[in-house]
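Asker: Questions regarding the structure given below will be posed in turn.
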Amino acid sequence: MAHPDDHTNDAVSLLNTRLQALSAERLRGIRRGIEKESLRALPGGALAQSPHPLALGSALMHPTVTTDFSESQVELITGAHSTVAGCLAELGEIHQAVFHALEADGGQERLWVSSMPCCLPDEDQIPIGQYGHSNVGRAKTVYRTGLSHRYGRRMQTISGIHYNWSIPGATSDDYFGLIRNFRRQSFVLLWLFGASPAVCKTFVDGLPHGLEPLGPGTLHLPYATSLRMGRLGYQSDAQSRLAVSYNGLAGYGGSLQAALTAPYPPYEEIGLRDADGNWKQLSTHLLQIENEFYGTIRPKRTIRTGERPLHALRERGVEYIEVRCMDLDPFETTGIGATTAHFIDVFLLHCLLSDSPPDTPDEIAAMARNQHLTAARGREPGLKLERNGREIALADWAAEIVDQCAPIARVLDEVNGGTAHADALAAAQRALTIPATLPSARVIEVMQREYGGEFAPFIDARSGQAREQILSRPLPDAQAPARWAATAAESLVKQRQIEEAETQTFEDFLADYLSPARLG
């Protein structure tokens with residue numbers, strides 16, 4: 001009988017063989033981009049309920065500044081970059097553009113720096129995103145209206161970081177192998193970078209939650225890493241019955257198509273329209289559109305105008321992956337730091353290069369349990385997860401994975417120059433031995449030490465500091481304000497042009513766009 005260490009040694013040997021086969025050109029060709037969501041909040045921690053500021057342009061057509069679920073939820077989008085520094089520099093400049101526009105608007109709004117929301121009003125007072133009168137704009141609003149009926153508006157105000165990543169020469173099968181390993185091991189990212197262990201009580205008012213009081217108006221779990229990624233976050237009982245396999249594009253596509261085309265009785269009860277004829281959701285299917293499918297990671301392909309994402313994937317294959325489990329870090333001015341990004345790059349290469357056997361329904365169920373345990377109790381001493389049907393200490397498994405990343409970090413530094421990847425790995429190794437330094441632990445510690453255990457005052461103060469730091473930064477160049485204003489104005493013109501050119505009825509547009517034939 002083989003000793004367990006033999007399997008580990010074989011896995012490390014295979015990883016190193018594949019790493020050595022990667023050319024410097026491919027490694028330098030890695031691209032990453034960031035999408036960052038944040039609520040607009042007022043001083044004091046209340047949700048800003050005003051419309052998306054006109055100075056930020058059209059949420060439908062602006063290339064880098066849009067909204068997510070709520071009209072109050074800004075989403076900032078970078079391009080794809082060959083370096084972490086370049087990506088974070090663009091993210092910083094987009095923040096500058098947003099804050100200068102908000103300041104010119106005369107207000108003191110800030111971007112809430114926590115993934116868990118600020119102090120929320122009643123459910124029906126959380127504004128849903130508005131995108132104008134074109135068919136595509138109306139569809140975006142109806143989709144969000146559907147989300148509000150299905151899951152509630154409060155859940156949709158949770159914000160996060162999406163990290164988009166690609167490497168030249170990777171096939172769809174390569175990316176699905178990466179995705180399977182990521183799903184097995186993403187607890188490492190939740191543990192290292194989770195930063196949402198507490199929440200304002202307005203988020204759970206009237207709901208069962210299982211949280212413990214921390215300070216006035218504040219609830220938490222003492223060993224939590226990421227409430228956002230736990231049972232209170234982006235979860236769906238309806239979607240939990242989806243047995244989505246990541247063993248290849250065909251199976252993944254078939255699973256999504258079934259969810260996009262099969263009626264779901266509880267959503268049929270909601271109905272498509274209210275008594276006045278207003279749309280309540282796009283469809284009564286388990287998923288209205290592909291983006292409704294929740295997950296820690298997604299395979300992605302750039303879509304063409306009017307194209308369904310699933311069709312793009314099936315026709316042209318996976319182009320990049322989207323990591324969706326990263327919390328906003330309230331100790332980083334723009335929500336994510338360079339050390340974190342460099343670690344993600346190393347971690348994703350580890351997922352790509354390691355052996356990735358097919359997943360099974362039993363393993364998929366174990367992954368979900370591991371995620372919830374890490375989110376709710378990740379810093380609990382001695383916490384055990386499931387691996388291959390056996391228990392293993394989270395800290396031991398995480399240390400094993402981080403140690404296996406060492407040659408990857410070394411090669412990336414050799415190719416790119418410097419020591420950024422090795423430094424990121426060393427920081428992770430230190431955190432493994434000193435959990436008190438983790439962002440989730442620091443949030444609780446600072447909140448108790450300086451803010452009486454209150455969530456909203458702590459995050460409000462951090463949000464104000466981030467606003468001042470961004471506004472005090474030198475402009476990237478003298479023409480930046482004019483360039484930002486021109487981009488915003490151009491986006492508004494493009495939205496009007498789309499609206500004026502509309503000829504199809506909304507009903508016909510939806511019937512065409514949602515046709516199952518478009519998914520093939």
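Labels for the structure tokens follow display order: chains A, B, ..., residues from 1 in each chain, ligands from 1.
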Which residues are near Ala456 of chain A? Cut-off 9 Å, only C-alpha atoms, ignore same chain within fewer than 6 positions. Put them as a PyMOL selection string.
Answerer: chain A and resi 44-46+117-119+199-200+217-218
Asker: Mind listing the alpha helix (DSSP H) residues of segment 93-261 of chain A, per DSSP on the backbone, as a PDB file with C-alpha atoms, in the first residue's frame?
Answerer:
ATOM      1  CA  GLU A  93      -6.527  56.132 -11.191  1.00  0.00           C
ATOM      2  CA  ILE A  94     -10.136  54.993 -11.599  1.00  0.00           C
ATOM      3  CA  HIS A  95     -10.630  55.655  -7.883  1.00  0.00           C
ATOM      4  CA  GLN A  96      -9.211  59.139  -8.395  1.00  0.00           C
ATOM      5  CA  ALA A  97     -11.647  59.782 -11.238  1.00  0.00           C
ATOM      6  CA  VAL A  98     -14.581  58.637  -9.106  1.00  0.00           C
ATOM      7  CA  PHE A  99     -13.646  60.646  -6.013  1.00  0.00           C
ATOM      8  CA  HIS A 100     -12.888  63.808  -7.968  1.00  0.00           C
ATOM      9  CA  ALA A 101     -16.288  63.477  -9.670  1.00  0.00           C
ATOM     10  CA  LEU A 102     -18.043  62.931  -6.334  1.00  0.00           C
ATOM     11  CA  GLU A 103     -16.230  65.900  -4.793  1.00  0.00           C
ATOM     12  CA  ALA A 104     -17.148  68.118  -7.753  1.00  0.00           C
ATOM     13  CA  ASN A 135     -33.882  47.383 -24.306  1.00  0.00           C
ATOM     14  CA  VAL A 136     -30.504  46.247 -23.014  1.00  0.00           C
ATOM     15  CA  GLY A 137     -30.646  48.876 -20.255  1.00  0.00           C
ATOM     16  CA  ARG A 138     -34.168  47.865 -19.235  1.00  0.00           C
ATOM     17  CA  ALA A 139     -33.146  44.202 -19.226  1.00  0.00           C
ATOM     18  CA  LYS A 140     -30.307  44.938 -16.802  1.00  0.00           C
ATOM     19  CA  THR A 141     -32.752  46.595 -14.398  1.00  0.00           C
ATOM     20  CA  VAL A 142     -35.355  43.823 -14.719  1.00  0.00           C
ATOM     21  CA  TYR A 143     -32.644  41.235 -14.039  1.00  0.00           C
ATOM     22  CA  ARG A 144     -31.748  43.058 -10.817  1.00  0.00           C
ATOM     23  CA  THR A 145     -35.423  43.338  -9.910  1.00  0.00           C
ATOM     24  CA  GLY A 146     -35.571  39.569 -10.283  1.00  0.00           C
ATOM     25  CA  LEU A 147     -32.583  39.184  -7.977  1.00  0.00           C
ATOM     26  CA  SER A 148     -34.364  41.321  -5.378  1.00  0.00           C
ATOM     27  CA  HIS A 149     -37.451  39.066  -5.477  1.00  0.00           C
ATOM     28  CA  ARG A 150     -35.397  35.876  -5.394  1.00  0.00           C
ATOM     29  CA  TYR A 151     -32.749  36.679  -2.795  1.00  0.00           C
ATOM     30  CA  ARG A 153     -31.916  43.376  -1.796  1.00  0.00           C
ATOM     31  CA  ARG A 154     -29.750  43.277   1.299  1.00  0.00           C
ATOM     32  CA  MET A 155     -27.788  40.228   0.140  1.00  0.00           C
ATOM     33  CA  GLN A 156     -27.139  41.912  -3.193  1.00  0.00           C
ATOM     34  CA  SER A 172     -10.340  25.190 -22.088  1.00  0.00           C
ATOM     35  CA  ASP A 173      -9.345  21.863 -20.507  1.00  0.00           C
ATOM     36  CA  ASP A 174      -6.374  23.575 -18.838  1.00  0.00           C
ATOM     37  CA  TYR A 175      -8.610  26.250 -17.386  1.00  0.00           C
ATOM     38  CA  PHE A 176     -11.169  23.715 -16.151  1.00  0.00           C
ATOM     39  CA  GLY A 177      -8.339  21.815 -14.456  1.00  0.00           C
ATOM     40  CA  LEU A 178      -7.317  25.077 -12.787  1.00  0.00           C
ATOM     41  CA  ILE A 179     -10.933  25.690 -11.740  1.00  0.00           C
ATOM     42  CA  ARG A 180     -11.301  22.239 -10.163  1.00  0.00           C
ATOM     43  CA  ASN A 181      -8.136  22.702  -8.122  1.00  0.00           C
ATOM     44  CA  PHE A 182      -9.127  26.239  -7.195  1.00  0.00           C
ATOM     45  CA  ARG A 183     -12.456  25.011  -5.853  1.00  0.00           C
ATOM     46  CA  ARG A 184     -10.620  22.371  -3.810  1.00  0.00           C
ATOM     47  CA  GLN A 185      -8.110  24.831  -2.379  1.00  0.00           C
ATOM     48  CA  PHE A 187     -10.151  27.937   1.434  1.00  0.00           C
ATOM     49  CA  VAL A 188      -6.526  29.172   1.457  1.00  0.00           C
ATOM     50  CA  LEU A 189      -7.587  32.514  -0.045  1.00  0.00           C
ATOM     51  CA  LEU A 190     -10.565  32.811   2.313  1.00  0.00           C
ATOM     52  CA  TRP A 191      -8.286  32.124   5.273  1.00  0.00           C
ATOM     53  CA  LEU A 192      -5.450  34.437   4.218  1.00  0.00           C
ATOM     54  CA  PHE A 193      -7.473  37.338   2.829  1.00  0.00           C
ATOM     55  CA  LEU A 249     -16.780  22.700 -21.105  1.00  0.00           C
ATOM     56  CA  ALA A 250     -19.457  20.342 -22.434  1.00  0.00           C
ATOM     57  CA  GLY A 251     -20.645  19.236 -18.999  1.00  0.00           C
ATOM     58  CA  TYR A 252     -20.417  22.724 -17.548  1.00  0.00           C
ATOM     59  CA  GLY A 253     -22.353  24.179 -20.469  1.00  0.00           C
ATOM     60  CA  GLY A 254     -25.028  21.500 -20.227  1.00  0.00           C
ATOM     61  CA  SER A 255     -25.507  22.162 -16.503  1.00  0.00           C
ATOM     62  CA  LEU A 256     -25.896  25.897 -17.079  1.00  0.00           C
ATOM     63  CA  GLN A 257     -28.244  25.426 -20.040  1.00  0.00           C
ATOM     64  CA  ALA A 258     -30.536  23.254 -17.940  1.00  0.00           C
ATOM     65  CA  ALA A 259     -30.685  25.908 -15.211  1.00  0.00           C
ATOM     66  CA  LEU A 260     -31.304  28.652 -17.784  1.00  0.00           C
ATOM     67  CA  THR A 261     -34.178  26.843 -19.487  1.00  0.00           C
TER      68      THR A 261
END
Asker: Name the closest residue to Gly160 of chain A among the candidates A:Ala262, A:Ala489, A:Val323, A:Ile289; distances are taken between atoms, counting only C-alpha atoms.
Answerer: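 Once distances to Gly160 of chain A are computed over only C-alpha atoms, the minimum belongs to A:Val323.
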Asker: Could you give me, as a PyMOL selection string, the residues within 12 Å of segment 374-379 of chain A, counting only C-alpha atoms and dropping anything in the same chain fewer than 6 positions from it?
Answerer: chain A and resi 185-198+209-212+220-234+325-327+367-368+385-386+393-395+398+431-442
Asker: Would you work out the distance separating atom CA of Ile364 of chain A from atom CA of Ala243 of chain A, expressed in Å to one decimal?
Answerer: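 Pair atom CA of Ile364 of chain A / atom CA of Ala243 of chain A returns 8.2 Å.
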Asker: Could you give me the residues within segment 94-287 of chain A that DSSP places in strand (DSSP E or B), as a PyMOL selection string?
Answerer: chain A and resi 110-111+119+128+161-166+196+198-200+212-215+218-220+226+263+273+279+285
Asker: Closest to Gly92 of chain A among A:Leu471, A:Glu500, A:His133, A:Ile128, using only C-alpha atoms?
Answerer: A:Leu471
Asker: For segment 400-409 of chain A, work out the shell of residues within 9 Å, counting only C-alpha atoms and skipping chain neighbours fewer than 4 positions away, then give it as number ranges by chain.
Answerer: A: 12, 15-16, 19, 185, 188, 342-343, 345-347, 349-350, 395-396, 413-414, 419-425, 428-429
Asker: Residues of the last selection are to be written out with N, CA and C atoms, as a PDB file, in the first residue's frame.
Answerer:
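Wrote it out as out_39.pdb, contents follow:
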ATOM      1  N   VAL A  12       4.097  16.896  -6.208  1.00  0.00           N
ATOM      2  CA  VAL A  12       5.087  17.971  -6.272  1.00  0.00           C
ATOM      3  C   VAL A  12       5.999  17.776  -7.477  1.00  0.00           C
ATOM      4  N   LEU A  15       4.104  18.814 -10.594  1.00  0.00           N
ATOM      5  CA  LEU A  15       3.986  20.275 -10.636  1.00  0.00           C
ATOM      6  C   LEU A  15       5.293  20.897 -11.118  1.00  0.00           C
ATOM      7  N   ASN A  16       6.405  20.453 -10.571  1.00  0.00           N
ATOM      8  CA  ASN A  16       7.698  21.036 -10.954  1.00  0.00           C
ATOM      9  C   ASN A  16       8.046  20.735 -12.408  1.00  0.00           C
ATOM     10  N   LEU A  19       6.032  23.101 -14.419  1.00  0.00           N
ATOM     11  CA  LEU A  19       6.550  24.464 -14.252  1.00  0.00           C
ATOM     12  C   LEU A  19       7.779  24.683 -15.126  1.00  0.00           C
ATOM     13  N   GLN A 185      -9.103  24.174  -3.232  1.00  0.00           N
ATOM     14  CA  GLN A 185      -8.110  24.831  -2.379  1.00  0.00           C
ATOM     15  C   GLN A 185      -8.397  26.301  -2.089  1.00  0.00           C
ATOM     16  N   VAL A 188      -7.773  28.478   1.132  1.00  0.00           N
ATOM     17  CA  VAL A 188      -6.526  29.172   1.457  1.00  0.00           C
ATOM     18  C   VAL A 188      -6.705  30.676   1.282  1.00  0.00           C
ATOM     19  N   HIS A 342       0.009  39.460  -5.984  1.00  0.00           N
ATOM     20  CA  HIS A 342       1.115  38.572  -6.345  1.00  0.00           C
ATOM     21  C   HIS A 342       0.884  37.155  -5.817  1.00  0.00           C
ATOM     22  N   PHE A 343       0.329  37.044  -4.619  1.00  0.00           N
ATOM     23  CA  PHE A 343       0.038  35.703  -4.101  1.00  0.00           C
ATOM     24  C   PHE A 343      -1.022  35.018  -4.956  1.00  0.00           C
ATOM     25  N   ASP A 345      -1.573  35.361  -8.082  1.00  0.00           N
ATOM     26  CA  ASP A 345      -0.926  34.892  -9.311  1.00  0.00           C
ATOM     27  C   ASP A 345      -0.193  33.562  -9.079  1.00  0.00           C
ATOM     28  N   VAL A 346       0.549  33.487  -7.980  1.00  0.00           N
ATOM     29  CA  VAL A 346       1.271  32.255  -7.655  1.00  0.00           C
ATOM     30  C   VAL A 346       0.285  31.113  -7.396  1.00  0.00           C
ATOM     31  N   PHE A 347      -0.753  31.399  -6.642  1.00  0.00           N
ATOM     32  CA  PHE A 347      -1.755  30.390  -6.284  1.00  0.00           C
ATOM     33  C   PHE A 347      -2.457  29.847  -7.528  1.00  0.00           C
ATOM     34  N   LEU A 349      -1.318  29.773 -10.595  1.00  0.00           N
ATOM     35  CA  LEU A 349      -0.390  28.909 -11.331  1.00  0.00           C
ATOM     36  C   LEU A 349      -0.279  27.542 -10.657  1.00  0.00           C
ATOM     37  N   HIS A 350      -0.295  27.521  -9.350  1.00  0.00           N
ATOM     38  CA  HIS A 350      -0.280  26.241  -8.626  1.00  0.00           C
ATOM     39  C   HIS A 350      -1.505  25.408  -8.999  1.00  0.00           C
ATOM     40  N   ALA A 395      -4.876  24.340   8.922  1.00  0.00           N
ATOM     41  CA  ALA A 395      -3.541  24.953   8.939  1.00  0.00           C
ATOM     42  C   ALA A 395      -2.511  24.057   8.272  1.00  0.00           C
ATOM     43  N   ASP A 396      -2.626  22.736   8.471  1.00  0.00           N
ATOM     44  CA  ASP A 396      -1.667  21.818   7.857  1.00  0.00           C
ATOM     45  C   ASP A 396      -1.838  21.771   6.342  1.00  0.00           C
ATOM     46  N   ASP A 413       9.613  35.297 -10.192  1.00  0.00           N
ATOM     47  CA  ASP A 413      10.540  36.387  -9.890  1.00  0.00           C
ATOM     48  C   ASP A 413      11.738  36.382 -10.840  1.00  0.00           C
ATOM     49  N   GLU A 414      12.192  35.208 -11.205  1.00  0.00           N
ATOM     50  CA  GLU A 414      13.304  35.124 -12.163  1.00  0.00           C
ATOM     51  C   GLU A 414      12.900  35.725 -13.508  1.00  0.00           C
ATOM     52  N   THR A 419      11.571  40.493  -6.248  1.00  0.00           N
ATOM     53  CA  THR A 419      11.261  39.427  -5.291  1.00  0.00           C
ATOM     54  C   THR A 419       9.797  39.469  -4.850  1.00  0.00           C
ATOM     55  N   ALA A 420       8.936  40.097  -5.641  1.00  0.00           N
ATOM     56  CA  ALA A 420       7.554  40.341  -5.208  1.00  0.00           C
ATOM     57  C   ALA A 420       6.800  39.056  -4.914  1.00  0.00           C
ATOM     58  N   HIS A 421       6.993  38.033  -5.752  1.00  0.00           N
ATOM     59  CA  HIS A 421       6.239  36.790  -5.553  1.00  0.00           C
ATOM     60  C   HIS A 421       6.760  36.022  -4.342  1.00  0.00           C
ATOM     61  N   ALA A 422       8.074  35.964  -4.176  1.00  0.00           N
ATOM     62  CA  ALA A 422       8.640  35.307  -2.995  1.00  0.00           C
ATOM     63  C   ALA A 422       8.244  36.049  -1.724  1.00  0.00           C
ATOM     64  N   ASP A 423       8.197  37.374  -1.791  1.00  0.00           N
ATOM     65  CA  ASP A 423       7.792  38.165  -0.630  1.00  0.00           C
ATOM     66  C   ASP A 423       6.335  37.888  -0.263  1.00  0.00           C
ATOM     67  N   ALA A 424       5.486  37.763  -1.292  1.00  0.00           N
ATOM     68  CA  ALA A 424       4.070  37.472  -1.046  1.00  0.00           C
ATOM     69  C   ALA A 424       3.915  36.100  -0.403  1.00  0.00           C
ATOM     70  N   LEU A 425       4.704  35.150  -0.863  1.00  0.00           N
ATOM     71  CA  LEU A 425       4.658  33.804  -0.302  1.00  0.00           C
ATOM     72  C   LEU A 425       5.157  33.804   1.142  1.00  0.00           C
ATOM     73  N   ALA A 428       2.488  35.043   3.396  1.00  0.00           N
ATOM     74  CA  ALA A 428       1.485  34.011   3.646  1.00  0.00           C
ATOM     75  C   ALA A 428       1.993  32.998   4.669  1.00  0.00           C
ATOM     76  N   GLN A 429       3.256  32.624   4.558  1.00  0.00           N
ATOM     77  CA  GLN A 429       3.822  31.663   5.508  1.00  0.00           C
ATOM     78  C   GLN A 429       3.858  32.236   6.922  1.00  0.00           C
TER      79      GLN A 429
END
Asker: Please identify all polymer residues within 9 Å of Leu492 of chain A, counting only C-alpha atoms, omitting same-chain residues fewer than 4 positions from it, and present them as an NGL selection string.
Answerer: :A and (54 or 57-62 or 487-488 or 496-497)
